[in-house]
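What follows is the content of my_file18.txt, which has compact mmCIF, C-alpha atoms and all ligand atoms:
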```txt
# COMPACT_ATOMS: atom_id res chain seq x y z
CA MET V 1 -15.67 3.13 -6.81
CA LYS V 2 -13.66 0.27 -5.25
CA ILE V 3 -10.04 0.17 -6.28
CA ILE V 4 -7.22 -2.19 -5.34
CA MET V 5 -3.59 -1.12 -5.69
CA LEU V 6 -1.23 -3.97 -6.55
CA GLY V 7 2.53 -3.84 -6.86
CA ALA V 8 5.78 -4.74 -5.17
CA PRO V 9 6.81 -3.13 -1.88
CA GLY V 10 7.94 0.38 -2.74
CA ALA V 11 6.31 0.40 -6.19
CA GLY V 12 4.47 3.57 -5.21
CA LYS V 13 1.08 2.12 -4.21
CA GLY V 14 0.78 4.38 -1.18
CA THR V 15 1.90 7.48 -3.09
CA GLN V 16 -0.69 6.89 -5.82
CA ALA V 17 -3.44 5.74 -3.46
CA LYS V 18 -3.24 9.04 -1.55
CA MET V 19 -3.65 11.00 -4.79
CA ILE V 20 -6.54 8.79 -5.93
CA ALA V 21 -8.28 9.18 -2.58
CA GLU V 22 -8.07 12.94 -2.83
CA LYS V 23 -9.23 13.21 -6.44
CA TYR V 24 -12.15 10.80 -6.16
CA SER V 25 -13.11 11.66 -2.55
CA ILE V 26 -12.84 8.10 -1.26
CA PRO V 27 -10.87 6.87 1.76
CA HIS V 28 -7.34 5.51 1.36
CA ILE V 29 -7.16 2.28 3.34
CA SER V 30 -3.65 0.95 3.88
CA THR V 31 -3.33 -2.20 6.00
CA GLY V 32 0.35 -1.36 6.47
CA ASP V 33 -0.55 2.09 7.86
CA ILE V 34 -3.18 0.58 10.17
CA PHE V 35 -0.65 -1.96 11.48
CA ARG V 36 1.98 0.78 11.98
CA ALA V 37 -0.54 2.94 13.89
CA ASN V 38 -1.25 -0.04 16.15
CA ILE V 39 2.46 -0.58 16.74
CA LYS V 40 2.89 3.09 17.62
CA ASN V 41 -0.03 2.91 20.07
CA GLY V 42 1.29 -0.31 21.64
CA THR V 43 -1.93 -2.32 21.03
CA GLU V 44 -2.09 -6.13 21.19
CA LEU V 45 -2.63 -6.22 17.43
CA GLY V 46 0.40 -3.99 16.96
CA LYS V 47 2.59 -6.28 19.07
CA LYS V 48 1.52 -9.31 17.06
CA ALA V 49 1.94 -7.55 13.69
CA LYS V 50 5.37 -6.10 14.50
CA SER V 51 7.01 -9.50 14.88
CA TYR V 52 6.07 -10.36 11.27
CA MET V 53 6.59 -6.93 9.73
CA ASP V 54 10.12 -6.49 11.10
CA LYS V 55 11.13 -9.69 9.32
CA GLY V 56 9.44 -8.67 6.09
CA GLN V 57 6.88 -11.45 6.43
CA LEU V 58 3.15 -11.11 5.98
CA VAL V 59 0.91 -10.75 9.01
CA PRO V 60 -1.36 -13.85 9.16
CA ASP V 61 -4.55 -13.65 7.09
CA GLU V 62 -6.90 -14.01 10.10
CA LEU V 63 -5.50 -10.89 11.80
CA THR V 64 -5.50 -8.89 8.58
CA LEU V 65 -9.01 -9.93 7.59
CA ASP V 66 -10.48 -9.07 11.01
CA LEU V 67 -8.91 -5.65 10.81
CA ILE V 68 -10.02 -4.82 7.27
CA MET V 69 -13.58 -6.14 7.66
CA ASP V 70 -13.89 -3.93 10.71
CA ARG V 71 -12.61 -0.94 8.75
CA PHE V 72 -15.18 -1.50 5.98
CA LYS V 73 -17.96 -0.99 8.56
CA GLN V 74 -17.01 2.66 8.97
CA ASP V 75 -19.28 5.24 7.40
CA ASP V 76 -16.72 6.68 5.01
CA CYS V 77 -16.62 3.41 3.03
CA LYS V 78 -20.15 3.90 1.65
CA ASN V 79 -19.00 5.28 -1.70
CA GLY V 80 -16.00 3.00 -2.12
CA TYR V 81 -12.33 3.12 -1.23
CA VAL V 82 -8.83 2.65 -2.53
CA LEU V 83 -7.11 -0.34 -0.93
CA ASP V 84 -3.34 -0.18 -0.56
CA GLY V 85 -1.55 -3.34 0.60
CA PHE V 86 -4.72 -5.42 0.77
CA PRO V 87 -5.42 -8.04 -0.50
CA ARG V 88 -1.96 -9.54 -0.46
CA THR V 89 -2.70 -13.26 -0.70
CA ILE V 90 -5.22 -15.32 -2.70
CA PRO V 91 -7.20 -16.19 0.49
CA GLN V 92 -7.44 -12.45 1.30
CA ALA V 93 -8.69 -11.71 -2.24
CA GLU V 94 -11.26 -14.50 -2.01
CA ALA V 95 -12.44 -13.27 1.39
CA LEU V 96 -12.85 -9.76 -0.01
CA ASP V 97 -14.83 -11.05 -3.01
CA THR V 98 -17.07 -13.12 -0.73
CA ALA V 99 -17.73 -10.19 1.61
CA LEU V 100 -18.55 -7.86 -1.29
CA LYS V 101 -20.70 -10.41 -3.10
CA ALA V 102 -22.82 -10.85 0.03
CA LYS V 103 -23.71 -7.15 -0.32
CA GLY V 104 -24.17 -7.31 -4.12
CA GLU V 105 -20.96 -5.32 -4.61
CA LYS V 106 -17.64 -5.91 -6.39
CA VAL V 107 -14.16 -4.53 -6.95
CA ASP V 108 -14.10 -2.16 -9.95
CA PHE V 109 -10.39 -1.89 -10.72
CA ALA V 110 -7.18 -3.66 -9.69
CA ILE V 111 -4.30 -1.40 -10.66
CA ASP V 112 -0.86 -2.95 -10.84
CA VAL V 113 1.95 -0.42 -10.41
CA ASP V 114 4.76 -2.16 -12.22
CA VAL V 115 8.36 -1.52 -11.08
CA PRO V 116 11.27 -3.96 -11.55
CA ASP V 117 13.05 -5.26 -8.42
CA GLU V 118 16.29 -3.37 -9.11
CA ASN V 119 14.49 0.01 -8.93
CA ILE V 120 12.71 -1.04 -5.74
CA VAL V 121 15.85 -1.56 -3.70
CA LYS V 122 17.11 1.92 -4.66
CA ARG V 123 13.79 3.54 -3.79
CA MET V 124 13.37 2.01 -0.37
CA GLY V 125 16.71 3.28 0.90
CA GLY V 126 15.56 6.85 0.22
CA ARG V 127 12.05 6.64 1.63
CA ARG V 128 11.26 8.75 4.69
CA ALA V 129 8.00 8.60 6.61
CA CYS V 130 6.51 11.22 8.94
CA VAL V 131 5.96 10.04 12.52
CA GLY V 132 3.11 12.54 12.88
CA CYS V 133 0.86 12.29 9.83
CA GLY V 134 2.27 9.32 7.92
CA ALA V 135 3.17 11.34 4.81
CA THR V 136 5.80 9.66 2.64
CA TYR V 137 8.78 11.36 1.03
CA HIS V 138 11.91 10.36 -0.84
CA VAL V 139 15.28 12.02 -0.32
CA VAL V 140 15.78 12.30 -4.10
CA TYR V 141 12.36 11.94 -5.80
CA SER V 142 10.14 13.91 -3.39
CA PRO V 143 12.33 15.74 -0.85
CA THR V 144 10.91 17.93 1.94
CA LYS V 145 11.62 21.66 2.07
CA VAL V 146 13.63 21.23 5.28
CA GLU V 147 15.62 18.00 5.55
CA GLY V 148 14.13 15.53 8.05
CA VAL V 149 11.00 17.64 8.73
CA CYS V 150 7.50 16.91 7.37
CA ASP V 151 6.16 19.63 5.01
CA LYS V 152 2.60 18.93 6.10
CA CYS V 153 2.77 18.78 9.90
CA GLY V 154 6.32 19.74 10.92
CA GLU V 155 7.03 16.44 12.68
CA GLU V 156 10.18 14.38 12.34
CA LEU V 157 10.83 11.98 9.44
CA ILE V 158 12.12 8.46 10.03
CA VAL V 159 13.29 5.43 8.05
CA ARG V 160 10.76 2.63 8.39
CA ASP V 161 11.98 -0.39 10.38
CA ASP V 162 11.30 -2.69 7.43
CA ASP V 163 13.19 -0.55 4.88
CA LYS V 164 16.59 -1.98 5.83
CA PRO V 165 18.17 -3.54 2.69
CA GLU V 166 18.06 -7.15 3.97
CA THR V 167 14.40 -6.82 4.96
CA VAL V 168 13.54 -5.23 1.61
CA LEU V 169 14.96 -8.27 -0.22
CA ASN V 170 12.87 -10.53 1.99
CA ARG V 171 9.74 -8.44 1.32
CA LEU V 172 10.37 -8.72 -2.42
CA GLU V 173 10.62 -12.48 -2.18
CA VAL V 174 7.41 -12.65 -0.15
CA TYR V 175 5.78 -10.40 -2.76
CA HIS V 176 6.76 -12.66 -5.68
CA ASN V 177 5.62 -15.81 -3.88
CA GLN V 178 2.42 -14.67 -2.20
CA THR V 179 1.14 -11.46 -3.75
CA GLN V 180 2.09 -11.57 -7.43
CA PRO V 181 -0.41 -14.43 -8.07
CA LEU V 182 -3.13 -11.80 -7.52
CA ILE V 183 -2.22 -10.28 -10.87
CA ASP V 184 -3.53 -13.42 -12.63
CA TYR V 185 -6.45 -13.60 -10.21
CA TYR V 186 -7.71 -10.13 -11.18
CA ASN V 187 -6.75 -10.53 -14.82
CA GLU V 188 -9.07 -13.53 -14.98
CA GLN V 189 -11.82 -11.34 -13.53
CA GLY V 190 -11.18 -8.83 -16.33
CA ILE V 191 -10.50 -5.89 -13.98
CA LEU V 192 -6.68 -5.79 -14.01
CA LYS V 193 -5.00 -2.64 -15.34
CA SER V 194 -1.22 -2.17 -15.39
CA VAL V 195 0.67 1.11 -15.25
CA ASP V 196 4.39 1.75 -15.61
CA GLY V 197 5.53 2.72 -12.10
CA THR V 198 9.07 3.69 -13.09
CA VAL V 199 8.13 7.10 -14.50
CA ASP V 200 7.59 10.33 -12.56
CA MET V 201 4.89 10.12 -9.82
CA LYS V 202 2.66 12.63 -11.67
CA ASP V 203 2.88 10.62 -14.90
CA VAL V 204 1.98 7.43 -13.05
CA PHE V 205 -1.03 9.27 -11.64
CA ASN V 206 -2.09 10.56 -15.07
CA ALA V 207 -2.01 7.00 -16.41
CA ILE V 208 -4.23 5.90 -13.51
CA VAL V 209 -6.71 8.75 -14.09
CA ASP V 210 -6.92 7.68 -17.75
CA ILE V 211 -8.03 4.26 -16.51
CA LEU V 212 -10.44 5.41 -13.78
CA GLY V 213 -11.94 8.29 -15.74
CA ALA V 214 -11.63 12.00 -14.91
P1 LIG N 1 2.93 -1.95 3.51
O1 LIG N 1 2.97 -0.76 4.33
O2 LIG N 1 1.73 -2.22 2.67
O3 LIG N 1 4.25 -1.99 2.63
P2 LIG N 1 4.53 -2.44 1.13
O4 LIG N 1 3.49 -3.13 0.33
O5 LIG N 1 5.77 -3.19 1.29
O6 LIG N 1 4.51 -1.16 0.40
P3 LIG N 1 5.26 0.11 0.78
O7 LIG N 1 4.47 0.96 1.72
O8 LIG N 1 6.65 -0.26 1.22
O9 LIG N 1 5.44 0.78 -0.61
P4 LIG N 1 4.45 1.52 -1.59
O10 LIG N 1 4.21 0.68 -2.78
O11 LIG N 1 3.24 2.03 -0.86
O12 LIG N 1 5.40 2.67 -2.02
P5 LIG N 1 5.45 4.23 -1.61
O13 LIG N 1 4.32 4.96 -2.24
O14 LIG N 1 5.66 4.40 -0.16
O15 LIG N 1 3.14 -3.26 4.40
C1 LIG N 1 4.17 -3.34 5.36
C2 LIG N 1 4.09 -4.69 6.05
O16 LIG N 1 2.82 -4.81 6.72
C3 LIG N 1 4.16 -5.91 5.15
O17 LIG N 1 5.48 -6.29 4.87
C4 LIG N 1 3.40 -6.94 6.00
O18 LIG N 1 4.22 -7.45 7.02
C5 LIG N 1 2.31 -6.12 6.64
N1 LIG N 1 1.06 -6.10 5.87
C6 LIG N 1 0.45 -5.03 5.31
N2 LIG N 1 -0.68 -5.38 4.68
C7 LIG N 1 -0.80 -6.73 4.83
C8 LIG N 1 -1.75 -7.69 4.38
N3 LIG N 1 -2.81 -7.34 3.62
N4 LIG N 1 -1.54 -8.99 4.71
C9 LIG N 1 -0.50 -9.36 5.47
N5 LIG N 1 0.44 -8.50 5.92
C10 LIG N 1 0.30 -7.19 5.59
O19 LIG N 1 6.78 4.62 -2.40
C11 LIG N 1 8.05 4.12 -2.00
C12 LIG N 1 9.12 5.23 -2.12
O20 LIG N 1 9.30 5.56 -3.49
C13 LIG N 1 8.70 6.54 -1.43
O21 LIG N 1 9.84 7.13 -0.86
C14 LIG N 1 8.14 7.41 -2.57
O22 LIG N 1 8.30 8.78 -2.31
C15 LIG N 1 8.97 6.93 -3.75
N6 LIG N 1 8.22 6.92 -5.02
C16 LIG N 1 6.90 6.58 -5.22
N7 LIG N 1 6.56 6.68 -6.53
C17 LIG N 1 7.71 7.04 -7.18
C18 LIG N 1 8.03 7.32 -8.56
N8 LIG N 1 7.10 7.17 -9.54
N9 LIG N 1 9.31 7.68 -8.86
C19 LIG N 1 10.26 7.80 -7.88
N10 LIG N 1 10.01 7.58 -6.56
C20 LIG N 1 8.75 7.20 -6.22
ZN ZN N 2 3.66 14.86 8.80
```

Just dump the structure as structure tokens.
Amino acid sequence: MKIIMLGAPGAGKGTQAKMIAEKYSIPHISTGDIFRANIKNGTELGKKAKSYMDKGQLVPDELTLDLIMDRFKQDDCKNGYVLDGFPRTIPQAEALDTALKAKGEKVDFAIDVDVPDENIVKRMGGRRACVGCGATYHVVYSPTKVEGVCDKCGEELIVRDDDKPETVLNRLEVYHNQTQPLIDYYNEQGILKSVDGTVDMKDVFNAIVDILGA
């Protein structure tokens, strides 16, 4: 099964993608996570990506496409995947379709996690990410047992560099201009499904399972 998660920054794509990956035994592929891992490891790609990410801009398509096409070659992608944060522009979506078509494959579902902008700004301020394992928490909606410490690996939690309020507003604008057109793109293909992302995380997940099948 090949699934794309759509939605504004902070809509909960990553949260849901992790749960989907676990339930359906497919890898969770987040371009944002891959870029952040490269930044942490000081790679050339990381250096290039950071300059865009810190401003809330998109990393150029060429860099992103090279990275994702490389990831698809890994063995764990044989039975599908859940894509989180990719595609993010029409050219990225077209490149994905072309690559899949060449193998006689296609995307099965594009799931739009719908959350209005006003909720997004509130959510981002409370997000905390683990420096060790990348787990995501929220100070109000999914707090850790011990404040500032990851439940899963015990490492420290941080606020992401791009979660500062001014950067969040920029990311939202970039989302509306460059990523939201994908909703029409996948609707025209007949594979778009929308879920209400403002409800509790478990209820969002139940709505997604209803779409994907148990
Ligand atoms: P990326 O990492 O993809 O960031 P994003 O799309 O902005 O999405 P987020 O990770 O911020 O949010 P999310 O929707 O996953 O929400 P989450 O589950 O964490 O990209 C970062 C940057 O990398 C981009 O700006 C760009 O520069 C670059 N990039 C990445 N991919 C690219 C591409 N393809 N092309 C070009 N550039 C690219 O949830 C958010 C918070 O809310 C959490 O604290 C969570 O606990 C909480 N929460 C989740 N669900 C709920 C709920 N139902 N109720 C209450 N709280 C909830
Ligand atoms: Zn952790």

Interatomic distance, CA of Gly132 (chain V) to atom P5 of ligand LIG 1 (chain N) (Å, one decimal):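 Result for CA of Gly132 (chain V) versus atom P5 of ligand LIG 1 (chain N): 16.9 Å, one decimal.
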
Shell of 9 Å around Asp112 (chain V), only C-alpha atoms, local chain residues under 2 positions omitted, as a ChimeraX atom specification: /V:4-8,13,110,114,183,192-197

Point-to-point distance in Å for CA of Lys152 (chain V) and CA of Phe86 (chain V):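 These two atoms are separated by 26.0 Å.
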
Residue nearest ligand LIG 1 (chain N) among V:Phe109, V:Phe72, V:Tyr185, V:Tyr175 (counting only C-alpha atoms and all ligand atoms):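 Going through V:Phe109, V:Phe72, V:Tyr185, V:Tyr175 one by one, the smallest distance to ligand LIG 1 (chain N) is for V:Tyr175.
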
Surrounding residues as number ranges by chain, ligand ZN 2 (chain N), max 8 Å, only C-alpha atoms and all ligand atoms: V: 129-135, 149-157
